[in-house]
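As structure tokens, the structure follows; a few thoughts come after it.
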Amino acid sequence: MKFPFHKKIKTESETVEIAEEFSKLLVPGEIVLLNGDLGSGKTFFVKSVCSHYGILNVSSPSFSIVNEYQSDKNIIHFDFYRVKKIEELYDIGFEDYAMNSETIVFIEWSNMFMEILPKKNYEIEIKFTNNSEREISIVKHG
Ligand SMILES: Nc1ncnc2c1ncn2[C@@H]1O[C@H](COP(=O)(O)OP(=O)(O)OP(=O)(O)O)[C@@H](O)[C@H]1O
Ligand SMILES: [Mg+2]
């Protein structure tokens with residue numbers, strides 16, 4: 001997989017394939033931002049990456065704000081959608097808890113609090129191009 005990566009997606013299994021390829025190059029300490037349309041497949045993408053690591057019980061953190069998983073990889077999965085103020089993220093301990101060299105961090109709706117994000121990251125955007133087709137882009141920053 002080369003960056004920037006762009007692809008049109010027609011089926012779930014195409015998303016799974018891209019997630020699987022992506023999962024092979026992710027290493028602990030890296031941060032993956034996911035933005036784009038509601039229901040476009042951000043959680044689905046994270047689930048697909050995690051299932052490649054043997055983690056099968058991934059659910060959307062949109063109400064919990066953060067979920068954590070462990071296999072041979074430590075995974076922290078945020079969703080900023082329902083966060084109202086950045087203080088809520090500081091209260092969770094976002095920086096110490098999430099930004100460490102042992103953990104892979106996924107953040108859905110990261111654009112809502114850009115000021116808290118590290119400059120080095122993968123930025124994934126998934127958009128609908130029409131009712132059934134999606135477009136994914138993955139950019140590596142830093
Ligand atoms: N090609 C595809 N890629 C990803 N998901 C797909 C695809 N086709 C259909 N789907 C379905 O679309 C839904 C995407 O939901 P998901 O919760 O992953 O979206 P989301 O982007 O996380 O939404 P939200 O913005 O609410 O967090 C899933 O139910 C999934 O099965
Ligand atoms: Mg989601």
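Letters for chains follow the order of the structure tokens (A, B, ...), residue numbers begin at 1 for each chain, and ligand numbers begin at 1 in the order shown.
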
Given a cut-off of 6 Å, what residues near ligand 2 show up using only C-alpha atoms and all ligand atoms, put as a JSON list (two decimals) with C-alpha atoms, in the first residue's frame?
[["chain", "number", "residue", "atom", "x", "y", "z"],
["A", 42, "LYS", "CA", -15.38, 4.35, 9.78],
["A", 43, "THR", "CA", -16.29, 1.89, 12.56],
["A", 60, "SER", "CA", -18.81, 1.68, 18.06]]

* Could you give me, as a VMD selection string, every polymer residue with an atom at most 9 Å away from an atom of ligand 1, counting only C-alpha atoms and all ligand atoms? => chain A and resid 9 to 16 34 to 47 59 to 62 79 81 108 to 109 126 to 127 132 to 135

* May I have the residues within 7 Å of segment 94-102 of chain A as number ranges by chain, using only C-alpha atoms and disregarding those fewer than 6 positions away in the same chain? => A: 28-29, 74, 76

* To do: List every residue of chain A that DSSP, applied to the backbone of this structure, places in alpha helix (DSSP H), and write the result as a ChimeraX atom specification.
  => /A:12-25,42-52,86-92

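Minimum atom-to-atom distance to Asn130 of chain A, evaluated using only C-alpha atoms, belongs to A:Lys8 out of A:Glu87, A:Lys8, A:Met112, A:Leu117.
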
* Residue list (strand (DSSP E or B), DSSP) for segment 14-99 of chain A, as number ranges by chain -> A: 31-36, 66-70, 74-79
